Structures are given as C-alpha cells and as structure tokens.
file protein-v5.txt (compact mmCIF, C-alpha atoms)
# COMPACT_ATOMS: atom_id res chain seq x y z
CA MET A 534 56.87 -33.16 -23.66
CA SER A 535 56.12 -36.88 -23.44
CA ASP A 536 52.98 -38.33 -24.89
CA PHE A 537 51.99 -39.41 -21.37
CA ALA A 538 52.35 -35.87 -19.94
CA PHE A 539 50.44 -34.38 -22.88
CA SER A 540 47.60 -36.85 -22.54
CA ARG A 541 47.43 -36.43 -18.77
CA ARG A 542 47.26 -32.62 -19.09
CA HIS A 543 44.39 -32.78 -21.60
CA PHE A 544 42.59 -35.31 -19.47
CA LEU A 545 42.71 -32.95 -16.45
CA LEU A 546 41.57 -29.97 -18.54
CA GLY A 547 38.74 -31.98 -20.02
CA ALA A 548 37.68 -33.25 -16.62
CA SER A 549 37.61 -29.68 -15.28
CA ALA A 550 35.45 -28.55 -18.20
CA LEU A 551 33.07 -31.43 -17.69
CA ALA A 552 32.82 -30.65 -14.01
CA LEU A 553 32.02 -27.00 -14.76
CA THR A 554 29.49 -27.96 -17.41
CA GLY A 555 27.87 -30.39 -15.02
CA CYS A 556 27.56 -27.68 -12.35
CA VAL A 557 25.70 -25.41 -14.74
CA SER A 558 23.42 -28.01 -16.23
CA THR A 559 22.48 -30.11 -13.21
CA GLY A 560 22.13 -27.31 -10.66
CA GLU A 561 23.48 -29.62 -7.97
CA THR A 562 25.77 -26.88 -6.63
CA LYS A 563 23.12 -24.15 -6.44
CA ARG A 564 23.34 -22.07 -3.29
CA PRO A 565 20.55 -22.64 -0.75
CA ALA A 566 17.53 -20.35 -1.10
CA ALA A 567 18.06 -18.98 2.40
CA GLU A 568 21.63 -17.98 1.50
CA LEU A 569 20.46 -16.30 -1.70
CA ALA A 570 17.76 -14.40 0.20
CA ALA A 571 20.28 -13.28 2.81
CA ASN A 572 22.58 -11.90 0.11
CA LYS A 573 19.81 -10.23 -1.91
CA VAL A 574 20.47 -6.53 -2.35
CA LYS A 575 17.99 -4.50 -0.34
CA PRO A 576 16.37 -1.67 -2.32
CA VAL A 577 17.43 1.84 -1.43
CA THR A 578 14.75 3.71 0.50
CA PRO A 579 13.69 6.88 -1.37
CA ALA A 580 13.57 10.09 0.66
CA MET A 581 9.77 10.15 0.53
CA TYR A 582 9.73 7.10 2.81
CA TYR A 583 12.29 8.28 5.39
CA ALA A 584 11.31 8.51 9.04
CA VAL A 585 9.55 11.78 9.81
CA TRP A 586 8.39 13.71 12.87
CA ASP A 587 4.79 14.90 12.64
CA GLU A 588 2.61 16.51 15.28
CA GLY A 589 4.81 15.06 18.03
CA TYR A 590 4.93 11.53 16.60
CA GLN A 591 7.89 9.90 14.88
CA ILE A 592 6.70 7.84 11.93
CA PRO A 593 9.33 5.17 11.25
CA GLU A 594 11.12 4.71 7.97
CA VAL A 595 9.35 2.38 5.56
CA ASP A 596 11.11 -0.91 4.84
CA VAL A 597 10.50 -0.69 1.10
CA SER A 598 11.71 -4.26 0.59
CA LYS A 599 8.31 -5.27 1.99
CA ILE A 600 6.34 -3.30 -0.63
CA PRO A 601 6.59 -4.16 -4.35
CA GLU A 602 8.08 -1.16 -6.14
CA LYS A 603 5.01 -0.86 -8.38
CA PHE A 604 3.09 0.26 -5.28
CA TRP A 605 5.52 3.04 -4.33
CA ARG A 606 4.25 6.59 -4.80
CA ALA A 607 4.88 7.83 -8.33
CA GLU A 608 3.89 10.51 -10.85
CA VAL A 609 2.37 8.72 -13.85
CA ASP A 610 0.48 9.25 -17.09
CA TYR A 611 -3.24 8.72 -16.49
CA MET A 612 -5.75 9.54 -19.17
CA THR A 613 -9.23 10.12 -17.78
CA ASP A 614 -12.31 12.28 -18.24
CA GLU A 615 -12.25 13.12 -14.53
CA LYS A 616 -11.30 16.70 -13.71
CA PRO A 617 -8.03 17.58 -11.94
CA GLY A 618 -8.33 17.26 -8.19
CA THR A 619 -10.49 14.14 -8.37
CA VAL A 620 -9.43 11.07 -6.41
CA VAL A 621 -9.91 7.73 -8.16
CA VAL A 622 -9.69 4.54 -6.09
CA ASP A 623 -8.91 1.57 -8.33
CA THR A 624 -9.98 -1.11 -5.89
CA PRO A 625 -9.21 -4.25 -7.95
CA ASN A 626 -5.69 -3.08 -8.88
CA LYS A 627 -4.88 -1.65 -5.43
CA TYR A 628 -4.10 1.90 -6.61
CA LEU A 629 -5.32 5.36 -5.70
CA TYR A 630 -4.88 8.21 -8.21
CA HIS A 631 -5.00 11.93 -7.50
CA ILE A 632 -5.72 13.48 -10.89
CA LYS A 633 -3.46 16.30 -12.11
CA PRO A 634 -3.75 18.48 -15.24
CA GLY A 635 -2.32 17.33 -18.56
CA GLY A 636 -3.12 13.65 -18.33
CA ARG A 637 -1.01 13.09 -15.23
CA ALA A 638 -1.72 11.78 -11.74
CA THR A 639 -0.03 10.96 -8.49
CA ARG A 640 -0.41 7.22 -7.99
CA TYR A 641 -0.30 5.56 -4.58
CA GLY A 642 -0.40 1.89 -3.62
CA ILE A 643 -3.22 0.91 -1.28
CA GLY A 644 -4.37 -2.02 0.81
CA VAL A 645 -8.09 -2.80 0.66
CA GLY A 646 -9.90 -4.05 3.75
CA LYS A 647 -13.25 -5.77 3.98
CA ASP A 648 -15.08 -2.45 4.33
CA GLY A 649 -13.18 -1.14 1.31
CA TYR A 650 -14.97 -3.66 -0.91
CA ALA A 651 -18.37 -2.79 0.53
CA TRP A 652 -18.82 0.55 -1.21
CA SER A 653 -18.24 1.94 -4.69
CA GLY A 654 -19.44 4.90 -6.71
CA ARG A 655 -19.11 8.69 -6.76
CA ALA A 656 -19.03 10.88 -3.69
CA LYS A 657 -17.11 13.69 -1.97
CA ILE A 658 -14.19 13.86 0.40
CA ALA A 659 -16.20 15.80 2.96
CA TYR A 660 -13.31 16.54 5.32
CA LYS A 661 -9.90 15.35 6.49
CA ARG A 662 -8.30 14.88 9.88
CA LYS A 663 -4.73 14.72 11.15
CA TRP A 664 -4.04 11.95 13.65
CA PRO A 665 -7.74 11.02 13.95
CA ARG A 666 -9.43 9.13 16.74
CA TRP A 667 -10.70 5.67 15.84
CA THR A 668 -14.25 4.81 16.91
CA PRO A 669 -15.23 1.28 15.83
CA PRO A 670 -18.96 0.99 15.11
CA ASP A 671 -21.14 -0.63 17.74
CA GLU A 672 -21.68 -3.73 15.60
CA MET A 673 -17.90 -4.28 15.45
CA VAL A 674 -17.65 -3.91 19.22
CA ALA A 675 -20.49 -6.42 19.60
CA ARG A 676 -18.51 -8.93 17.54
CA ASN A 677 -15.31 -8.20 19.43
CA PRO A 678 -15.94 -7.15 23.04
CA ALA A 679 -12.20 -6.46 23.49
CA LEU A 680 -12.85 -3.23 21.56
CA GLN A 681 -15.29 -1.96 24.21
CA PRO A 682 -12.77 0.55 25.63
CA TYR A 683 -12.65 2.18 22.16
CA SER A 684 -16.39 2.23 21.53
CA ILE A 685 -18.26 5.33 20.45
CA ALA A 686 -19.69 5.61 23.97
CA ASN A 687 -16.17 5.58 25.40
CA GLY A 688 -14.81 8.14 22.97
CA GLY A 689 -12.84 5.86 20.69
CA MET A 690 -9.09 5.25 20.52
CA GLY A 691 -6.84 8.26 20.81
CA PRO A 692 -4.40 9.18 18.04
CA GLY A 693 -1.02 7.51 17.87
CA LEU A 694 1.31 5.25 15.92
CA ASN A 695 -0.81 2.15 16.68
CA ASN A 696 -4.15 3.74 15.82
CA PRO A 697 -5.71 1.80 12.88
CA LEU A 698 -6.43 5.08 11.03
CA GLY A 699 -2.78 6.10 11.08
CA ALA A 700 -1.54 9.65 10.59
CA ARG A 701 -4.40 10.97 8.44
CA ALA A 702 -7.97 10.08 7.50
CA HIS A 703 -10.24 11.26 4.68
CA TYR A 704 -13.99 10.92 5.31
CA ILE A 705 -16.28 10.18 2.37
CA HIS A 706 -19.85 11.49 2.16
CA LYS A 707 -22.55 10.83 -0.44
CA ASP A 708 -25.45 13.28 -0.77
CA GLY A 709 -24.43 14.84 2.55
CA ARG A 710 -24.42 11.54 4.44
CA ASP A 711 -21.44 9.61 5.81
CA THR A 712 -20.74 6.48 3.78
CA ILE A 713 -18.54 5.04 6.59
CA TYR A 714 -15.90 4.74 3.84
CA ARG A 715 -12.46 6.04 4.78
CA ILE A 716 -9.08 6.56 3.17
CA HIS A 717 -6.55 6.42 5.97
CA GLY A 718 -2.98 5.71 6.95
CA SER A 719 -1.72 2.52 8.50
CA PRO A 720 1.35 1.48 10.48
CA GLU A 721 1.16 -1.89 8.67
CA TYR A 722 2.82 -0.70 5.45
CA TRP A 723 3.64 -4.27 4.43
CA THR A 724 -0.07 -4.82 3.67
CA ILE A 725 -0.02 -2.33 0.77
CA GLY A 726 -1.03 -4.02 -2.49
CA LYS A 727 -2.99 -6.70 -0.65
CA SER A 728 -6.49 -7.53 0.48
CA VAL A 729 -6.59 -7.25 4.25
CA SER A 730 -8.97 -8.34 6.95
CA SER A 731 -10.24 -4.99 8.19
CA GLY A 732 -10.52 -1.30 7.40
CA CYS A 733 -11.37 0.54 4.20
CA ILE A 734 -8.57 1.97 2.03
CA ARG A 735 -5.23 1.99 3.82
CA MET A 736 -2.07 3.77 2.71
CA VAL A 737 1.51 4.09 3.89
CA ASN A 738 1.50 6.86 6.50
CA GLN A 739 3.97 8.95 4.46
CA ASP A 740 1.68 8.57 1.43
CA VAL A 741 -1.56 9.44 3.21
CA MET A 742 0.15 12.57 4.57
CA HIS A 743 1.18 13.52 1.03
CA LEU A 744 -2.39 12.99 -0.21
CA TYR A 745 -3.76 15.02 2.70
CA ASP A 746 -1.51 17.95 1.78
CA ASN A 747 -2.64 17.93 -1.85
CA VAL A 748 -6.35 17.05 -1.85
CA ARG A 749 -8.99 19.59 -0.85
CA ASP A 750 -12.10 19.17 1.25
CA GLY A 751 -15.07 18.73 -1.08
CA SER A 752 -13.03 17.00 -3.80
CA ASP A 753 -14.77 14.42 -5.96
CA ILE A 754 -13.94 10.78 -5.38
CA VAL A 755 -14.68 7.86 -7.68
CA VAL A 756 -14.37 4.33 -6.33
CA ILE A 757 -14.07 1.57 -8.93
CA PRO A 758 -15.57 -1.69 -7.65
CA ASP A 759 -13.78 -5.01 -7.69
CA LEU A 760 -16.17 -7.11 -9.78
CA SER A 761 -14.61 -10.31 -8.44
CA LYS A 762 -16.10 -9.36 -5.08
CA THR A 763 -19.52 -8.21 -6.26
CA GLY A 764 -21.16 -10.23 -3.50
CA GLN A 765 -19.65 -7.82 -0.98
CA ALA A 766 -20.06 -4.59 -2.91
CA HIS A 767 -22.89 -2.13 -2.51
CA SER A 768 -22.84 0.28 -5.44
CA VAL A 769 -24.04 3.82 -4.95
CA MET A 770 -23.35 4.83 -8.54
CA ALA A 771 -25.85 7.30 -9.95
CA GLY A 772 -28.90 5.35 -11.04
CA ALA A 773 -27.86 2.16 -9.19
call {"tool": "encode", "arguments": {"input": "protein-v5.txt", "output": "structure tokens"}}
result
Amino acid sequence: MSDFAFSRRHFLLGASALALTGCVSTGETKRPAAELAANKVKPVTPAMYYAVWDEGYQIPEVDVSKIPEKFWRAEVDYMTDEKPGTVVVDTPNKYLYHIKPGGRATRYGIGVGKDGYAWSGRAKIAYKRKWPRWTPPDEMVARNPALQPYSIANGGMGPGLNNPLGARAHYIHKDGRDTIYRIHGSPEYWTIGKSVSSGCIRMVNQDVMHLYDNVRDGSDIVVIPDLSKTGQAHSVMAGA
C-alpha cells in the first residue's frame, strides 16, 4: 500500500471518529423532544386498572401513563399504631392507606381538592354509597348558578360516569355529625397525585371501588393535615 493510500485511509477513519465524538459531546444531533416523547414506551396497564362494567356502567380503562407509578394502588409496609381497618389520609403526600395486620397497608394515590384541605382529624366512615347522587351545597350553587339544576332542592345530579363523586363515595361523620368531608371516585384519573380545584379526596374509580369493598361502615379514619395549607385547614383533632 502506498504512503498516500495509508495516510488517506487513516485520515478518513480519524475524521469519522471525530464526527462521532462531536455528536456525543455537543448534542447537536439530539432528536427533537416531540420525537422522543412519541417513541417513549407506554407503561403496561395492570389488570386492576382495566375497563370494568359495574351496576350498568362501563368504567373506562385507566391510561396509567397519566398517573405517576408511585400513585398506583399497591400493598406496602406501613408501621403505625392505628388498628387494622383504619383509613389514614396522608393529605400532604397525596396517599390514602387502609391499614392491614402485620405492619402492612393498601396504599392508594389520591387527588386533594379545596374541601379536602379544609378538614383534618379523627372521625368515622359513617356509611358508603355505590354510584351516589351529587348534591352541591347551596353556597356552591350561589357562587355558580349553572349548578342550580343539581341543587339540594332539585334532588342533585344523578349517578353516572360524569358525576363528580364517581363510582363510590364514603361519608365521614364526627361525633354523629356530617363533616361534609368525602372520599370519592372521579372520572378525572389524571388528577391523582395533584391538588385540584374542587372536591374532597378523589380516587381512581377502580381504586375507590376496591376501597369500598374492603372498608366497613363505622371504620375509623384519620386525616393528616397539610401544614403548608394551615390557613385553609380546620382541625377537629381531639382537644383542638
């Protein structure tokens, strides 16, 4: 091989290496963000979030790519002094725990609405309802007259997939009186893990159905306040 051919070959190899090195270091050939997002692998939907028929309604499958995996339903270690069967709402961290024996709990992700920050303390899950009616309080109707057809006087909104209370609701009482605090389902599953504009404690419909099937009427509930929102909270803790 001639010296010219040898030199030319090494020049081309060196140029290729430099070009490759430059691509890695400068990032000038990075794929557009939109292309990367389009090619991102979508998480596999677990069976617990499949579409399901319930009481004549078809609840759609959850698009789990819209909920961080840390907020998916899971069985976890949870050390607490609360007795099994107790529900603990961890408002600041957006979790709800149903306490099991042996230091375990079922953990659910939740979304917390404005009313969800307005109450904290110890109480009872007085009763539960499947596919509940939604009756906005009169003060809410006064602020938003469009809700008049669903007022208490008009019997509220009938059950259905678009009902703000979703597939199930749990009604919380303190000393025999309604706290107006609710744990309920929501068709807006993409709001789980977030602070939202309205409602109390919202859950994925499939999750609130699971909770409904496992929690008993009269169960204890403990709601941990979000201290960053103390201006909104009204504590009903014993002695408060």
call {"tool": "atom_distance", "arguments": {"input": "protein-v5.txt", "atom1": "atom CA of Lys663 of chain A", "atom2": "atom CA of Val737 of chain A"}}
result
14.3 Å
call {"tool": "atom_distance", "arguments": {"input": "protein-v5.txt", "atom1": "atom CA of Cys733 of chain A", "atom2": "atom CA of Glu672 of chain A"}}
result
16.0 Å
call {"tool": "atom_distance", "arguments": {"input": "protein-v5.txt", "atom1": "atom CA of Gly642 of chain A", "atom2": "atom CA of Lys657 of chain A"}}
result
20.5 Å
call {"tool": "residues_around", "arguments": {"input": "protein-v5.txt", "residues": "segment 690-697 of chain A", "least_positions_apart": "4", "cutoff": "12 Å", "atoms": "only C-alpha atoms", "output": "MDAnalysis selection string"}}
result
chainID A and resid 586:593 646 662:669 680:686 701:702 715:722 731:738
call {"tool": "residues_around", "arguments": {"input": "protein-v5.txt", "residues": "Tyr660 of chain A", "least_positions_apart": "6", "cutoff": "12 Å", "atoms": "all atoms listed in the file", "output": "list in words"}}
result
Arg701, Ala702, His703, Tyr704, Ile705, His706, Gly709, Asp711, Arg715, Ile716, Tyr745, Val748, Arg749, Asp750, Gly751, Ser752 and Asp753 of chain A
call {"tool": "decode", "arguments": {"input": "protein-v5.txt", "residues": "segment 670-713 of chain A", "atoms": "N, CA and C atoms", "output": "tab-separated table (two decimals), in the first residue's frame"}}
result
chain	number	residue	atom	x	y	z
A	670	PRO	N	-73.64	21.90	47.83
A	670	PRO	CA	-74.27	22.73	48.86
A	670	PRO	C	-74.80	24.04	48.28
A	671	ASP	N	-75.76	24.61	48.99
A	671	ASP	CA	-76.42	25.83	48.49
A	671	ASP	C	-75.43	26.96	48.26
A	672	GLU	N	-74.38	27.06	49.12
A	672	GLU	CA	-73.42	28.14	48.93
A	672	GLU	C	-72.63	27.98	47.63
A	673	MET	N	-72.40	26.72	47.23
A	673	MET	CA	-71.71	26.48	45.96
A	673	MET	C	-72.61	26.87	44.78
A	674	VAL	N	-73.89	26.53	44.90
A	674	VAL	CA	-74.84	26.90	43.86
A	674	VAL	C	-74.96	28.41	43.75
A	675	ALA	N	-74.90	29.09	44.90
A	675	ALA	CA	-74.98	30.55	44.89
A	675	ALA	C	-73.80	31.16	44.14
A	676	ARG	N	-72.62	30.55	44.29
A	676	ARG	CA	-71.44	31.03	43.59
A	676	ARG	C	-71.47	30.69	42.11
A	677	ASN	N	-72.14	29.58	41.79
A	677	ASN	CA	-72.17	29.11	40.41
A	677	ASN	C	-73.61	28.72	40.05
A	678	PRO	N	-74.39	29.68	39.60
A	678	PRO	CA	-75.82	29.42	39.31
A	678	PRO	C	-76.04	28.32	38.28
A	679	ALA	N	-75.01	27.99	37.48
A	679	ALA	CA	-75.17	26.92	36.49
A	679	ALA	C	-75.44	25.57	37.16
A	680	LEU	N	-75.13	25.49	38.46
A	680	LEU	CA	-75.35	24.24	39.20
A	680	LEU	C	-76.77	24.13	39.76
A	681	GLN	N	-77.61	25.12	39.52
A	681	GLN	CA	-78.96	25.14	40.07
A	681	GLN	C	-79.75	23.87	39.77
A	682	PRO	N	-79.63	23.30	38.56
A	682	PRO	CA	-80.38	22.06	38.30
A	682	PRO	C	-79.98	20.91	39.22
A	683	TYR	N	-78.78	20.99	39.83
A	683	TYR	CA	-78.29	19.91	40.69
A	683	TYR	C	-78.35	20.28	42.16
A	684	SER	N	-79.05	21.32	42.50
A	684	SER	CA	-79.13	21.78	43.88
A	684	SER	C	-79.83	20.75	44.75
A	685	ILE	N	-79.70	20.95	46.06
A	685	ILE	CA	-80.37	20.06	47.01
A	685	ILE	C	-81.87	20.07	46.78
A	686	ALA	N	-82.42	21.27	46.51
A	686	ALA	CA	-83.86	21.40	46.29
A	686	ALA	C	-84.31	20.63	45.05
A	687	ASN	N	-83.40	20.51	44.08
A	687	ASN	CA	-83.76	19.82	42.83
A	687	ASN	C	-83.31	18.37	42.81
A	688	GLY	N	-82.82	17.88	43.95
A	688	GLY	CA	-82.50	16.46	44.05
A	688	GLY	C	-81.11	16.05	43.65
A	689	GLY	N	-80.28	17.03	43.29
A	689	GLY	CA	-78.89	16.72	42.97
A	689	GLY	C	-78.71	16.12	41.57
A	690	MET	N	-77.47	15.73	41.28
A	690	MET	CA	-77.13	15.11	40.00
A	690	MET	C	-77.21	13.60	40.14
A	691	GLY	N	-77.86	12.97	39.20
A	691	GLY	CA	-77.98	11.52	39.22
A	691	GLY	C	-76.64	10.83	39.03
A	692	PRO	N	-76.55	9.56	39.37
A	692	PRO	CA	-75.30	8.82	39.22
A	692	PRO	C	-74.92	8.67	37.75
A	693	GLY	N	-73.64	8.47	37.51
A	693	GLY	CA	-73.18	8.28	36.14
A	693	GLY	C	-71.69	8.52	36.02
A	694	LEU	N	-71.16	8.28	34.83
A	694	LEU	CA	-69.72	8.38	34.61
A	694	LEU	C	-69.21	9.80	34.76
A	695	ASN	N	-70.07	10.81	34.57
A	695	ASN	CA	-69.64	12.21	34.68
A	695	ASN	C	-69.96	12.83	36.03
A	696	ASN	N	-70.57	12.07	36.92
A	696	ASN	CA	-70.87	12.57	38.25
A	696	ASN	C	-69.56	12.82	39.00
A	697	PRO	N	-69.40	14.00	39.62
A	697	PRO	CA	-68.14	14.33	40.32
A	697	PRO	C	-67.77	13.36	41.44
A	698	LEU	N	-68.74	12.61	41.99
A	698	LEU	CA	-68.43	11.66	43.06
A	698	LEU	C	-68.02	10.29	42.53
A	699	GLY	N	-68.12	10.09	41.23
A	699	GLY	CA	-67.65	8.85	40.64
A	699	GLY	C	-68.47	7.63	41.04
A	700	ALA	N	-67.79	6.47	41.07
A	700	ALA	CA	-68.48	5.20	41.25
A	700	ALA	C	-68.84	4.89	42.71
A	701	ARG	N	-68.13	5.50	43.65
A	701	ARG	CA	-68.37	5.22	45.07
A	701	ARG	C	-68.08	6.47	45.88
A	702	ALA	N	-68.74	6.58	47.03
A	702	ALA	CA	-68.45	7.67	47.96
A	702	ALA	C	-68.50	7.15	49.38
A	703	HIS	N	-67.61	7.67	50.22
A	703	HIS	CA	-67.53	7.34	51.64
A	703	HIS	C	-67.79	8.63	52.41
A	704	TYR	N	-68.73	8.60	53.32
A	704	TYR	CA	-69.21	9.80	54.02
A	704	TYR	C	-68.68	9.81	55.45
A	705	ILE	N	-68.02	10.90	55.81
A	705	ILE	CA	-67.30	10.99	57.07
A	705	ILE	C	-68.09	11.80	58.10
A	706	HIS	N	-68.30	11.18	59.27
A	706	HIS	CA	-69.01	11.85	60.36
A	706	HIS	C	-68.10	11.95	61.58
A	707	LYS	N	-68.27	13.03	62.33
A	707	LYS	CA	-67.55	13.27	63.58
A	707	LYS	C	-68.57	13.50	64.68
A	708	ASP	N	-68.52	12.69	65.74
A	708	ASP	CA	-69.46	12.81	66.85
A	708	ASP	C	-70.91	12.78	66.35
A	709	GLY	N	-71.16	11.92	65.36
A	709	GLY	CA	-72.51	11.74	64.85
A	709	GLY	C	-72.97	12.80	63.86
A	710	ARG	N	-72.10	13.74	63.53
A	710	ARG	CA	-72.49	14.82	62.61
A	710	ARG	C	-71.67	14.75	61.33
A	711	ASP	N	-72.31	15.08	60.22
A	711	ASP	CA	-71.65	15.05	58.91
A	711	ASP	C	-70.59	16.15	58.84
A	712	THR	N	-69.37	15.75	58.47
A	712	THR	CA	-68.29	16.74	58.34
A	712	THR	C	-68.28	17.39	56.97
A	713	ILE	N	-69.11	16.90	56.04
A	713	ILE	CA	-69.12	17.32	54.63
A	713	ILE	C	-67.82	16.89	53.93
